[in-house]
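File shown here: final_33.cif, holding mmCIF, N, CA and C atoms.
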```cif
data_work
#
loop_
_atom_site.label_atom_id
_atom_site.label_comp_id
_atom_site.auth_asym_id
_atom_site.auth_seq_id
_atom_site.Cartn_x
_atom_site.Cartn_y
_atom_site.Cartn_z
N MET A 622 1.17 -17.22 -12.90
CA MET A 622 -0.18 -16.99 -12.42
C MET A 622 -0.62 -15.59 -12.85
N ALA A 623 -1.84 -15.51 -13.31
CA ALA A 623 -2.38 -14.23 -13.76
C ALA A 623 -2.58 -13.29 -12.57
N ARG A 624 -2.43 -12.03 -12.86
CA ARG A 624 -2.63 -11.01 -11.82
C ARG A 624 -4.10 -10.98 -11.42
N ARG A 625 -4.34 -10.86 -10.14
CA ARG A 625 -5.71 -10.86 -9.63
C ARG A 625 -6.26 -9.45 -9.56
N ARG A 626 -7.50 -9.29 -10.00
CA ARG A 626 -8.18 -8.00 -9.87
C ARG A 626 -8.99 -8.03 -8.58
N TRP A 627 -8.70 -7.08 -7.70
CA TRP A 627 -9.35 -7.01 -6.40
C TRP A 627 -10.51 -6.02 -6.48
N SER A 628 -11.61 -6.37 -5.84
CA SER A 628 -12.71 -5.41 -5.70
C SER A 628 -12.36 -4.46 -4.55
N GLU A 629 -13.04 -3.32 -4.52
CA GLU A 629 -12.82 -2.37 -3.43
C GLU A 629 -13.16 -3.01 -2.08
N GLU A 630 -14.22 -3.81 -2.06
CA GLU A 630 -14.62 -4.46 -0.82
C GLU A 630 -13.54 -5.46 -0.35
N GLU A 631 -12.97 -6.20 -1.28
CA GLU A 631 -11.91 -7.14 -0.92
C GLU A 631 -10.68 -6.41 -0.39
N GLU A 632 -10.28 -5.34 -1.08
CA GLU A 632 -9.13 -4.56 -0.62
C GLU A 632 -9.38 -3.99 0.76
N ASP A 633 -10.56 -3.43 0.96
CA ASP A 633 -10.88 -2.83 2.25
C ASP A 633 -10.87 -3.89 3.35
N THR A 634 -11.41 -5.06 3.07
CA THR A 634 -11.44 -6.14 4.05
C THR A 634 -10.02 -6.60 4.37
N LEU A 635 -9.19 -6.78 3.35
CA LEU A 635 -7.81 -7.19 3.58
C LEU A 635 -7.08 -6.16 4.43
N LEU A 636 -7.25 -4.90 4.11
CA LEU A 636 -6.56 -3.85 4.87
C LEU A 636 -7.09 -3.76 6.31
N THR A 637 -8.38 -3.97 6.48
CA THR A 637 -8.95 -4.00 7.83
C THR A 637 -8.37 -5.16 8.62
N ASN A 638 -8.26 -6.32 8.00
CA ASN A 638 -7.69 -7.48 8.68
C ASN A 638 -6.21 -7.28 8.98
N LEU A 639 -5.47 -6.66 8.06
CA LEU A 639 -4.06 -6.38 8.30
C LEU A 639 -3.90 -5.39 9.45
N THR A 640 -4.74 -4.36 9.46
CA THR A 640 -4.71 -3.38 10.54
C THR A 640 -5.00 -4.04 11.88
N SER A 641 -5.91 -4.99 11.88
CA SER A 641 -6.23 -5.72 13.10
C SER A 641 -5.02 -6.50 13.61
N LEU A 642 -4.27 -7.10 12.70
CA LEU A 642 -3.05 -7.81 13.10
C LEU A 642 -2.03 -6.85 13.70
N VAL A 643 -1.90 -5.68 13.11
CA VAL A 643 -0.98 -4.67 13.66
C VAL A 643 -1.46 -4.26 15.05
N ASP A 644 -2.77 -4.05 15.21
CA ASP A 644 -3.33 -3.67 16.51
C ASP A 644 -3.04 -4.71 17.59
N GLN A 645 -3.05 -5.97 17.22
CA GLN A 645 -2.81 -7.05 18.19
C GLN A 645 -1.39 -7.03 18.73
N GLY A 646 -0.47 -6.49 17.94
CA GLY A 646 0.90 -6.32 18.41
C GLY A 646 1.73 -7.59 18.49
N VAL A 647 1.23 -8.70 18.01
CA VAL A 647 2.00 -9.95 18.11
C VAL A 647 2.46 -10.47 16.75
N TRP A 648 2.15 -9.76 15.69
CA TRP A 648 2.45 -10.26 14.35
C TRP A 648 3.67 -9.61 13.72
N ARG A 649 4.43 -8.87 14.50
CA ARG A 649 5.64 -8.24 13.99
C ARG A 649 6.86 -8.79 14.71
N THR A 650 7.95 -8.84 13.98
CA THR A 650 9.21 -9.21 14.59
C THR A 650 9.80 -7.95 15.23
N ASP A 651 10.92 -8.09 15.92
CA ASP A 651 11.54 -6.95 16.59
C ASP A 651 11.98 -5.86 15.61
N ASN A 652 12.27 -6.24 14.35
CA ASN A 652 12.71 -5.23 13.40
C ASN A 652 11.56 -4.64 12.57
N GLY A 653 10.32 -4.97 12.94
CA GLY A 653 9.17 -4.36 12.28
C GLY A 653 8.56 -5.15 11.15
N HIS A 654 9.21 -6.20 10.71
CA HIS A 654 8.65 -7.04 9.64
C HIS A 654 7.51 -7.88 10.19
N PHE A 655 6.60 -8.26 9.32
CA PHE A 655 5.54 -9.17 9.73
C PHE A 655 6.11 -10.58 9.85
N LYS A 656 5.63 -11.32 10.82
CA LYS A 656 6.03 -12.72 10.97
C LYS A 656 5.48 -13.53 9.80
N PRO A 657 6.20 -14.57 9.37
CA PRO A 657 5.76 -15.33 8.19
C PRO A 657 4.34 -15.88 8.29
N SER A 658 3.88 -16.23 9.45
CA SER A 658 2.56 -16.85 9.58
C SER A 658 1.40 -15.86 9.38
N TYR A 659 1.71 -14.57 9.27
CA TYR A 659 0.62 -13.60 9.12
C TYR A 659 -0.16 -13.82 7.83
N LEU A 660 0.50 -14.30 6.78
CA LEU A 660 -0.19 -14.53 5.51
C LEU A 660 -1.26 -15.61 5.65
N GLY A 661 -0.95 -16.66 6.41
CA GLY A 661 -1.94 -17.71 6.63
C GLY A 661 -3.15 -17.20 7.38
N VAL A 662 -2.92 -16.36 8.37
CA VAL A 662 -4.03 -15.77 9.14
C VAL A 662 -4.90 -14.91 8.22
N LEU A 663 -4.27 -14.06 7.42
CA LEU A 663 -5.04 -13.20 6.51
C LEU A 663 -5.80 -14.02 5.47
N THR A 664 -5.15 -15.07 4.97
CA THR A 664 -5.82 -15.93 3.98
C THR A 664 -7.07 -16.56 4.57
N ASN A 665 -6.96 -17.07 5.78
CA ASN A 665 -8.13 -17.67 6.44
C ASN A 665 -9.24 -16.64 6.64
N GLU A 666 -8.87 -15.44 7.05
CA GLU A 666 -9.88 -14.40 7.27
C GLU A 666 -10.55 -13.99 5.96
N MET A 667 -9.77 -13.93 4.88
CA MET A 667 -10.34 -13.57 3.59
C MET A 667 -11.25 -14.68 3.07
N ARG A 668 -10.90 -15.94 3.34
CA ARG A 668 -11.76 -17.06 2.90
C ARG A 668 -13.09 -17.05 3.64
N VAL A 669 -13.09 -16.61 4.88
CA VAL A 669 -14.34 -16.50 5.63
C VAL A 669 -15.19 -15.38 5.03
N SER A 670 -14.57 -14.25 4.73
CA SER A 670 -15.31 -13.10 4.19
C SER A 670 -15.73 -13.29 2.74
N PHE A 671 -14.90 -14.00 1.96
CA PHE A 671 -15.16 -14.20 0.53
C PHE A 671 -14.93 -15.67 0.17
N PRO A 672 -15.84 -16.54 0.59
CA PRO A 672 -15.63 -17.98 0.41
C PRO A 672 -15.48 -18.41 -1.05
N ARG A 673 -16.04 -17.66 -1.97
CA ARG A 673 -15.93 -17.99 -3.39
C ARG A 673 -14.97 -17.07 -4.13
N GLY A 674 -14.22 -16.30 -3.38
CA GLY A 674 -13.33 -15.32 -3.99
C GLY A 674 -12.05 -15.89 -4.58
N GLY A 675 -11.66 -17.07 -4.15
CA GLY A 675 -10.44 -17.68 -4.68
C GLY A 675 -9.18 -16.95 -4.27
N ILE A 676 -9.23 -16.23 -3.16
CA ILE A 676 -8.08 -15.46 -2.70
C ILE A 676 -7.16 -16.39 -1.91
N ASN A 677 -5.89 -16.45 -2.32
CA ASN A 677 -4.94 -17.29 -1.60
C ASN A 677 -3.72 -16.46 -1.16
N GLU A 678 -2.79 -17.11 -0.50
CA GLU A 678 -1.62 -16.41 0.05
C GLU A 678 -0.83 -15.65 -1.01
N ILE A 679 -0.71 -16.23 -2.20
CA ILE A 679 0.04 -15.56 -3.26
C ILE A 679 -0.60 -14.23 -3.63
N HIS A 680 -1.94 -14.22 -3.71
CA HIS A 680 -2.64 -12.98 -4.03
C HIS A 680 -2.46 -11.94 -2.93
N ILE A 681 -2.59 -12.39 -1.69
CA ILE A 681 -2.46 -11.48 -0.55
C ILE A 681 -1.04 -10.93 -0.46
N GLU A 682 -0.07 -11.79 -0.63
CA GLU A 682 1.33 -11.34 -0.58
C GLU A 682 1.62 -10.34 -1.68
N ALA A 683 1.11 -10.58 -2.89
CA ALA A 683 1.32 -9.64 -4.00
C ALA A 683 0.65 -8.30 -3.74
N LYS A 684 -0.58 -8.34 -3.19
CA LYS A 684 -1.29 -7.09 -2.92
C LYS A 684 -0.57 -6.27 -1.86
N ILE A 685 -0.12 -6.93 -0.79
CA ILE A 685 0.58 -6.22 0.28
C ILE A 685 1.92 -5.70 -0.21
N LYS A 686 2.60 -6.46 -1.05
CA LYS A 686 3.87 -6.00 -1.63
C LYS A 686 3.64 -4.74 -2.47
N LYS A 687 2.56 -4.71 -3.25
CA LYS A 687 2.23 -3.53 -4.06
C LYS A 687 1.89 -2.35 -3.17
N TRP A 688 1.10 -2.59 -2.13
CA TRP A 688 0.76 -1.50 -1.20
C TRP A 688 2.02 -0.94 -0.55
N LYS A 689 2.92 -1.81 -0.10
CA LYS A 689 4.16 -1.35 0.53
C LYS A 689 4.99 -0.52 -0.43
N SER A 690 5.08 -0.98 -1.66
CA SER A 690 5.84 -0.25 -2.67
C SER A 690 5.24 1.14 -2.90
N ASP A 691 3.93 1.19 -3.11
CA ASP A 691 3.26 2.48 -3.34
C ASP A 691 3.41 3.39 -2.11
N TYR A 692 3.26 2.81 -0.94
CA TYR A 692 3.42 3.60 0.29
C TYR A 692 4.81 4.21 0.36
N ARG A 693 5.84 3.41 0.13
CA ARG A 693 7.22 3.92 0.22
C ARG A 693 7.47 5.02 -0.80
N ILE A 694 6.95 4.86 -2.00
CA ILE A 694 7.14 5.87 -3.04
C ILE A 694 6.46 7.18 -2.67
N VAL A 695 5.19 7.10 -2.27
CA VAL A 695 4.45 8.32 -1.90
C VAL A 695 5.07 8.97 -0.67
N ASP A 696 5.43 8.17 0.32
CA ASP A 696 6.05 8.70 1.52
C ASP A 696 7.36 9.42 1.19
N ALA A 697 8.15 8.84 0.32
CA ALA A 697 9.41 9.48 -0.08
C ALA A 697 9.15 10.79 -0.82
N MET A 698 8.14 10.83 -1.65
CA MET A 698 7.79 12.07 -2.35
C MET A 698 7.38 13.15 -1.35
N LEU A 699 6.59 12.76 -0.36
CA LEU A 699 6.10 13.74 0.62
C LEU A 699 7.23 14.31 1.48
N ARG A 700 8.35 13.63 1.53
CA ARG A 700 9.51 14.11 2.28
C ARG A 700 10.35 15.10 1.47
N ARG A 701 10.04 15.23 0.21
CA ARG A 701 10.78 16.14 -0.67
C ARG A 701 10.17 17.55 -0.59
N ALA A 702 11.01 18.53 -0.76
CA ALA A 702 10.54 19.91 -0.79
C ALA A 702 9.61 20.11 -1.98
N GLY A 703 8.51 20.79 -1.75
CA GLY A 703 7.59 21.13 -2.81
C GLY A 703 6.45 20.14 -3.00
N PHE A 704 6.52 18.99 -2.33
CA PHE A 704 5.46 18.00 -2.43
C PHE A 704 4.55 18.12 -1.22
N GLY A 705 3.25 18.03 -1.47
CA GLY A 705 2.28 18.10 -0.39
C GLY A 705 1.20 17.06 -0.59
N TRP A 706 0.21 17.09 0.29
CA TRP A 706 -0.85 16.09 0.28
C TRP A 706 -2.20 16.78 0.34
N ASN A 707 -3.13 16.36 -0.51
CA ASN A 707 -4.50 16.85 -0.48
C ASN A 707 -5.33 15.78 0.23
N PRO A 708 -5.70 16.01 1.50
CA PRO A 708 -6.43 14.98 2.25
C PRO A 708 -7.86 14.78 1.75
N ASN A 709 -8.43 15.75 1.07
CA ASN A 709 -9.78 15.60 0.55
C ASN A 709 -9.84 14.68 -0.67
N GLU A 710 -8.77 14.72 -1.47
CA GLU A 710 -8.71 13.89 -2.67
C GLU A 710 -7.74 12.71 -2.52
N ASN A 711 -7.03 12.66 -1.40
CA ASN A 711 -6.06 11.59 -1.13
C ASN A 711 -5.04 11.44 -2.25
N LYS A 712 -4.42 12.57 -2.59
CA LYS A 712 -3.41 12.51 -3.63
C LYS A 712 -2.35 13.59 -3.42
N LEU A 713 -1.26 13.40 -4.14
CA LEU A 713 -0.14 14.34 -4.05
C LEU A 713 -0.50 15.68 -4.65
N VAL A 714 0.15 16.72 -4.14
CA VAL A 714 0.02 18.07 -4.67
C VAL A 714 1.43 18.58 -4.91
N VAL A 715 1.69 19.03 -6.13
CA VAL A 715 3.01 19.53 -6.47
C VAL A 715 2.90 20.44 -7.69
N GLU A 716 3.69 21.50 -7.69
CA GLU A 716 3.67 22.42 -8.82
C GLU A 716 4.34 21.77 -10.03
N ASP A 717 3.92 22.21 -11.22
CA ASP A 717 4.41 21.62 -12.46
C ASP A 717 5.93 21.61 -12.57
N GLU A 718 6.56 22.72 -12.24
CA GLU A 718 8.02 22.82 -12.39
C GLU A 718 8.74 21.80 -11.49
N ILE A 719 8.30 21.68 -10.28
CA ILE A 719 8.91 20.71 -9.35
C ILE A 719 8.66 19.29 -9.85
N TRP A 720 7.42 19.03 -10.30
CA TRP A 720 7.09 17.70 -10.80
C TRP A 720 7.93 17.35 -12.03
N ASN A 721 8.04 18.26 -12.95
CA ASN A 721 8.81 18.00 -14.17
C ASN A 721 10.28 17.70 -13.85
N ASP A 722 10.85 18.41 -12.89
CA ASP A 722 12.22 18.12 -12.47
C ASP A 722 12.30 16.74 -11.82
N PHE A 723 11.32 16.41 -11.02
CA PHE A 723 11.30 15.12 -10.32
C PHE A 723 11.25 13.96 -11.31
N VAL A 724 10.35 14.01 -12.27
CA VAL A 724 10.18 12.87 -13.18
C VAL A 724 11.34 12.71 -14.15
N GLN A 725 12.21 13.72 -14.25
CA GLN A 725 13.42 13.53 -15.05
C GLN A 725 14.26 12.39 -14.50
N ASP A 726 14.32 12.27 -13.18
CA ASP A 726 15.11 11.23 -12.52
C ASP A 726 14.27 10.06 -12.01
N HIS A 727 12.96 10.20 -12.03
CA HIS A 727 12.06 9.17 -11.47
C HIS A 727 10.93 8.89 -12.46
N ARG A 728 11.28 8.48 -13.64
CA ARG A 728 10.26 8.34 -14.69
C ARG A 728 9.21 7.28 -14.39
N PHE A 729 9.54 6.26 -13.59
CA PHE A 729 8.57 5.21 -13.29
C PHE A 729 7.50 5.68 -12.31
N GLU A 730 7.72 6.80 -11.67
CA GLU A 730 6.75 7.32 -10.72
C GLU A 730 5.84 8.40 -11.32
N ARG A 731 5.98 8.66 -12.60
CA ARG A 731 5.22 9.76 -13.21
C ARG A 731 3.71 9.59 -13.11
N HIS A 732 3.23 8.35 -13.05
CA HIS A 732 1.78 8.13 -12.96
C HIS A 732 1.23 8.39 -11.54
N PHE A 733 2.09 8.68 -10.59
CA PHE A 733 1.65 8.92 -9.21
C PHE A 733 1.07 10.31 -9.01
N ARG A 734 1.32 11.21 -9.92
CA ARG A 734 0.90 12.59 -9.69
C ARG A 734 -0.61 12.74 -9.53
N ASP A 735 -1.37 12.17 -10.40
CA ASP A 735 -2.82 12.36 -10.37
C ASP A 735 -3.56 11.17 -9.80
N LYS A 736 -2.83 10.21 -9.28
CA LYS A 736 -3.44 9.00 -8.74
C LYS A 736 -3.93 9.25 -7.31
N GLN A 737 -5.09 8.72 -7.00
CA GLN A 737 -5.61 8.82 -5.64
C GLN A 737 -5.13 7.62 -4.82
N PHE A 738 -4.84 7.87 -3.56
CA PHE A 738 -4.40 6.84 -2.63
C PHE A 738 -5.30 6.87 -1.40
N PRO A 739 -6.52 6.35 -1.54
CA PRO A 739 -7.48 6.46 -0.44
C PRO A 739 -7.08 5.70 0.82
N HIS A 740 -6.15 4.75 0.69
CA HIS A 740 -5.73 3.97 1.85
C HIS A 740 -4.40 4.43 2.43
N PHE A 741 -3.88 5.56 1.98
CA PHE A 741 -2.54 5.96 2.38
C PHE A 741 -2.37 6.03 3.90
N ASN A 742 -3.31 6.63 4.59
CA ASN A 742 -3.17 6.74 6.05
C ASN A 742 -3.18 5.37 6.73
N ARG A 743 -3.98 4.46 6.22
CA ARG A 743 -4.00 3.11 6.78
C ARG A 743 -2.71 2.36 6.43
N TRP A 744 -2.19 2.57 5.22
CA TRP A 744 -0.90 1.98 4.86
C TRP A 744 0.17 2.48 5.81
N SER A 745 0.14 3.76 6.09
CA SER A 745 1.14 4.34 6.98
C SER A 745 1.10 3.64 8.33
N TYR A 746 -0.07 3.40 8.84
CA TYR A 746 -0.22 2.72 10.13
C TYR A 746 0.36 1.30 10.07
N CYS A 747 0.12 0.61 8.98
CA CYS A 747 0.58 -0.78 8.85
C CYS A 747 2.05 -0.91 8.48
N PHE A 748 2.56 0.02 7.68
CA PHE A 748 3.89 -0.15 7.09
C PHE A 748 4.94 0.81 7.61
N VAL A 749 4.62 1.67 8.55
CA VAL A 749 5.55 2.71 8.97
C VAL A 749 6.87 2.13 9.49
N PHE A 750 6.83 0.94 10.06
CA PHE A 750 8.06 0.34 10.58
C PHE A 750 8.73 -0.57 9.57
N TYR A 751 8.09 -0.73 8.42
CA TYR A 751 8.63 -1.67 7.43
C TYR A 751 9.87 -1.08 6.78
N GLU A 752 10.92 -1.81 6.79
CA GLU A 752 12.17 -1.42 6.12
C GLU A 752 12.48 -2.50 5.10
N ASN A 753 12.90 -2.12 3.92
CA ASN A 753 13.28 -3.03 2.81
C ASN A 753 12.12 -3.30 1.93
#
```

Now, as a test, write the supplied structure out as C-alpha cells.
Amino acid sequence: MARRRWSEEEEDTLLTNLTSLVDQGVWRTDNGHFKPSYLGVLTNEMRVSFPRGGINEIHIEAKIKKWKSDYRIVDAMLRRAGFGWNPNENKLVVEDEIWNDFVQDHRFERHFRDKQFPHFNRWSYCFVFYEN
C-alpha cells in the first residue's frame, strides 16, 4: 500500500481525537499501551470528520507509529547533555560540536536537527507511558 500524505488538518484532527481517548482514561491497558479497539474508534471519528478522505486503520496505525518513533527519538535526545528545546520554533537546539559527535553514532537521526515538531508536547501527553 502506498504511503498516505496527511494534511495538517487531518493530522491535527487525529491527534485531537487521540488526546481525547487518553483523556477518557479507558483506552489504555495497565502497562500504558493502547487497547486494540482504539484504532477502530479513531477510524470512525476520522471518517466522520473526513468522509471522503479514505483514511482507514492502516493509515492511522502507520501515522501513530511514526509519531511514537519521532517522539521517542526527540525525547531521548533531550535527555542527553547539551541538547535543548526551542519552544518558539518547536525544535531541538544543540551546538555544532555536540551534534557532530552525536550523528557519528546516530546517523539516521541527522535530519532531526533542523526539523520542527509542532506536536511534540501533545505527543508527550499521549505517548509518555508508551514503552516499546

Using only C-alpha atoms, can you tell me which of A:Leu639, A:Leu713, A:Leu660, A:Met667 comes closest to His732 in chain A?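 For His732 in chain A, the nearest of the given residues is A:Leu713.
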
Just how far from atom N of Pro739 in chain A is atom N of Arg668 in chain A, in Å to one decimal? 23.2 Å

Counting all atoms listed in the file, the option among A:Phe741, A:Glu678, A:Arg728, A:Glu718 closest to Asn665 in chain A: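 Comparing A:Phe741, A:Glu678, A:Arg728, A:Glu718 against Asn665 in chain A, the winner is A:Glu678.
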
Set the distance at 12 Å and use only C-alpha atoms: which residues neighbour Asp691 in chain A once local chain neighbours fewer than 4 positions away are removed? I'd like the list as a PDB file with N, CA and C atoms, keeping the file's coordinate frame.
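This is the output file out_3.pdb:
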```
ATOM      1  N   LYS A 684      -0.580  -8.340  -3.190  1.00  0.00           N
ATOM      2  CA  LYS A 684      -1.290  -7.090  -2.920  1.00  0.00           C
ATOM      3  C   LYS A 684      -0.570  -6.270  -1.860  1.00  0.00           C
ATOM      4  N   ILE A 685      -0.120  -6.930  -0.790  1.00  0.00           N
ATOM      5  CA  ILE A 685       0.580  -6.220   0.280  1.00  0.00           C
ATOM      6  C   ILE A 685       1.920  -5.700  -0.210  1.00  0.00           C
ATOM      7  N   LYS A 686       2.600  -6.460  -1.050  1.00  0.00           N
ATOM      8  CA  LYS A 686       3.870  -6.000  -1.630  1.00  0.00           C
ATOM      9  C   LYS A 686       3.640  -4.740  -2.470  1.00  0.00           C
ATOM     10  N   LYS A 687       2.560  -4.710  -3.250  1.00  0.00           N
ATOM     11  CA  LYS A 687       2.230  -3.530  -4.060  1.00  0.00           C
ATOM     12  C   LYS A 687       1.890  -2.350  -3.170  1.00  0.00           C
ATOM     13  N   VAL A 695       5.190   7.100  -2.270  1.00  0.00           N
ATOM     14  CA  VAL A 695       4.450   8.320  -1.900  1.00  0.00           C
ATOM     15  C   VAL A 695       5.070   8.970  -0.670  1.00  0.00           C
ATOM     16  N   ASP A 696       5.430   8.170   0.320  1.00  0.00           N
ATOM     17  CA  ASP A 696       6.050   8.700   1.520  1.00  0.00           C
ATOM     18  C   ASP A 696       7.360   9.420   1.190  1.00  0.00           C
ATOM     19  N   ALA A 697       8.150   8.840   0.320  1.00  0.00           N
ATOM     20  CA  ALA A 697       9.410   9.480  -0.080  1.00  0.00           C
ATOM     21  C   ALA A 697       9.150  10.790  -0.820  1.00  0.00           C
ATOM     22  N   MET A 698       8.140  10.830  -1.650  1.00  0.00           N
ATOM     23  CA  MET A 698       7.790  12.070  -2.350  1.00  0.00           C
ATOM     24  C   MET A 698       7.380  13.150  -1.350  1.00  0.00           C
ATOM     25  N   PHE A 729       9.540   6.260 -13.590  1.00  0.00           N
ATOM     26  CA  PHE A 729       8.570   5.210 -13.290  1.00  0.00           C
ATOM     27  C   PHE A 729       7.500   5.680 -12.310  1.00  0.00           C
ATOM     28  N   GLU A 730       7.720   6.800 -11.670  1.00  0.00           N
ATOM     29  CA  GLU A 730       6.750   7.320 -10.720  1.00  0.00           C
ATOM     30  C   GLU A 730       5.840   8.400 -11.320  1.00  0.00           C
ATOM     31  N   HIS A 732       3.230   8.350 -13.050  1.00  0.00           N
ATOM     32  CA  HIS A 732       1.780   8.130 -12.960  1.00  0.00           C
ATOM     33  C   HIS A 732       1.230   8.390 -11.540  1.00  0.00           C
ATOM     34  N   PHE A 733       2.090   8.680 -10.590  1.00  0.00           N
ATOM     35  CA  PHE A 733       1.650   8.920  -9.210  1.00  0.00           C
ATOM     36  C   PHE A 733       1.070  10.310  -9.010  1.00  0.00           C
ATOM     37  N   LYS A 736      -2.830  10.210  -9.280  1.00  0.00           N
ATOM     38  CA  LYS A 736      -3.440   9.000  -8.740  1.00  0.00           C
ATOM     39  C   LYS A 736      -3.930   9.250  -7.310  1.00  0.00           C
ATOM     40  N   GLN A 737      -5.090   8.720  -7.000  1.00  0.00           N
ATOM     41  CA  GLN A 737      -5.610   8.820  -5.640  1.00  0.00           C
ATOM     42  C   GLN A 737      -5.130   7.620  -4.820  1.00  0.00           C
ATOM     43  N   PHE A 738      -4.840   7.870  -3.560  1.00  0.00           N
ATOM     44  CA  PHE A 738      -4.400   6.840  -2.630  1.00  0.00           C
ATOM     45  C   PHE A 738      -5.300   6.870  -1.400  1.00  0.00           C
ATOM     46  N   PRO A 739      -6.520   6.350  -1.540  1.00  0.00           N
ATOM     47  CA  PRO A 739      -7.480   6.460  -0.440  1.00  0.00           C
ATOM     48  C   PRO A 739      -7.080   5.700   0.820  1.00  0.00           C
ATOM     49  N   HIS A 740      -6.150   4.750   0.690  1.00  0.00           N
ATOM     50  CA  HIS A 740      -5.730   3.970   1.850  1.00  0.00           C
ATOM     51  C   HIS A 740      -4.400   4.430   2.430  1.00  0.00           C
ATOM     52  N   PHE A 741      -3.880   5.560   1.980  1.00  0.00           N
ATOM     53  CA  PHE A 741      -2.540   5.960   2.380  1.00  0.00           C
ATOM     54  C   PHE A 741      -2.370   6.030   3.900  1.00  0.00           C
ATOM     55  N   TRP A 744      -2.190   2.570   5.220  1.00  0.00           N
ATOM     56  CA  TRP A 744      -0.900   1.980   4.860  1.00  0.00           C
ATOM     57  C   TRP A 744       0.170   2.480   5.810  1.00  0.00           C
ATOM     58  N   SER A 745       0.140   3.760   6.090  1.00  0.00           N
ATOM     59  CA  SER A 745       1.140   4.340   6.980  1.00  0.00           C
ATOM     60  C   SER A 745       1.100   3.640   8.330  1.00  0.00           C
ATOM     61  N   PHE A 748       2.560   0.020   7.680  1.00  0.00           N
ATOM     62  CA  PHE A 748       3.890  -0.150   7.090  1.00  0.00           C
ATOM     63  C   PHE A 748       4.940   0.810   7.610  1.00  0.00           C
TER      64      PHE A 748
END
```

Name the residues of range 624-711 of chain A that fall into strand (DSSP E) according to DSSP on the backbone, using the chain letters and numbers of this document, as a list in words. Phe704, Gly705, Trp706 and Asn707 of chain A

For a test of reading the model, state the distance in Å between CA of Arg734 in chain A and atom N of Val714 in chain A, rounded to one decimal.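 Distance between the two atoms: 7.0 Å.
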
Check which residues satisfy the PyMOL selection byres (((chain A and resi 702 and name CA) around 12) and name CA) in the file shown, then give them as number ranges by chain. A: 697-701, 703-705, 714-716, 719-720, 722-723

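Compared by their closest atoms to Arg625 in chain A, and using only C-alpha atoms, the residues A:Ile679, A:Val662, A:Cys747, A:Leu642 rank with A:Ile679 nearest.
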
Coordinates-based distance that separates CA of Ile676 in chain A from CA of Asp651 in chain A (Å, one decimal):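 Computing it gives 28.8 Å between the two atoms.
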
Starting from the incomplete input, reconstruct all heavy atoms of range 650-654 of chain A and write that as a PDB file, keeping the file's coordinate frame.
```
ATOM      1  N   THR A 650       7.950  -8.840  13.980  1.00  0.00           N
ATOM      2  CA  THR A 650       9.210  -9.210  14.590  1.00  0.00           C
ATOM      3  C   THR A 650       9.800  -7.950  15.230  1.00  0.00           C
ATOM      4  O   THR A 650       9.263  -6.852  15.076  1.00  0.00           O
ATOM      5  CB  THR A 650      10.195  -9.773  13.547  1.00  0.00           C
ATOM      6  OG1 THR A 650      10.435  -8.773  12.555  1.00  0.00           O
ATOM      7  CG2 THR A 650       9.636 -11.023  12.884  1.00  0.00           C
ATOM      8  N   ASP A 651      10.920  -8.090  15.920  1.00  0.00           N
ATOM      9  CA  ASP A 651      11.540  -6.950  16.590  1.00  0.00           C
ATOM     10  C   ASP A 651      11.980  -5.860  15.610  1.00  0.00           C
ATOM     11  O   ASP A 651      12.054  -4.690  15.972  1.00  0.00           O
ATOM     12  CB  ASP A 651      12.747  -7.403  17.417  1.00  0.00           C
ATOM     13  CG  ASP A 651      12.329  -8.218  18.627  1.00  0.00           C
ATOM     14  OD1 ASP A 651      11.159  -8.099  19.059  1.00  0.00           O
ATOM     15  OD2 ASP A 651      13.166  -8.976  19.140  1.00  0.00           O
ATOM     16  N   ASN A 652      12.270  -6.240  14.350  1.00  0.00           N
ATOM     17  CA  ASN A 652      12.710  -5.230  13.400  1.00  0.00           C
ATOM     18  C   ASN A 652      11.560  -4.640  12.570  1.00  0.00           C
ATOM     19  O   ASN A 652      11.790  -3.902  11.630  1.00  0.00           O
ATOM     20  CB  ASN A 652      13.791  -5.800  12.476  1.00  0.00           C
ATOM     21  CG  ASN A 652      13.289  -6.904  11.575  1.00  0.00           C
ATOM     22  OD1 ASN A 652      12.130  -7.274  11.616  1.00  0.00           O
ATOM     23  ND2 ASN A 652      14.179  -7.447  10.766  1.00  0.00           N
ATOM     24  N   GLY A 653      10.320  -4.970  12.940  1.00  0.00           N
ATOM     25  CA  GLY A 653       9.170  -4.360  12.280  1.00  0.00           C
ATOM     26  C   GLY A 653       8.560  -5.150  11.150  1.00  0.00           C
ATOM     27  O   GLY A 653       7.499  -4.793  10.649  1.00  0.00           O
ATOM     28  N   HIS A 654       9.210  -6.200  10.710  1.00  0.00           N
ATOM     29  CA  HIS A 654       8.650  -7.040   9.640  1.00  0.00           C
ATOM     30  C   HIS A 654       7.510  -7.880  10.190  1.00  0.00           C
ATOM     31  O   HIS A 654       7.472  -8.210  11.369  1.00  0.00           O
ATOM     32  CB  HIS A 654       9.720  -7.977   9.063  1.00  0.00           C
ATOM     33  CG  HIS A 654      10.801  -7.258   8.340  1.00  0.00           C
ATOM     34  ND1 HIS A 654      10.686  -6.903   7.022  1.00  0.00           N
ATOM     35  CD2 HIS A 654      12.023  -6.840   8.740  1.00  0.00           C
ATOM     36  CE1 HIS A 654      11.796  -6.290   6.645  1.00  0.00           C
ATOM     37  NE2 HIS A 654      12.612  -6.230   7.669  1.00  0.00           N
TER      38      HIS A 654
END
```
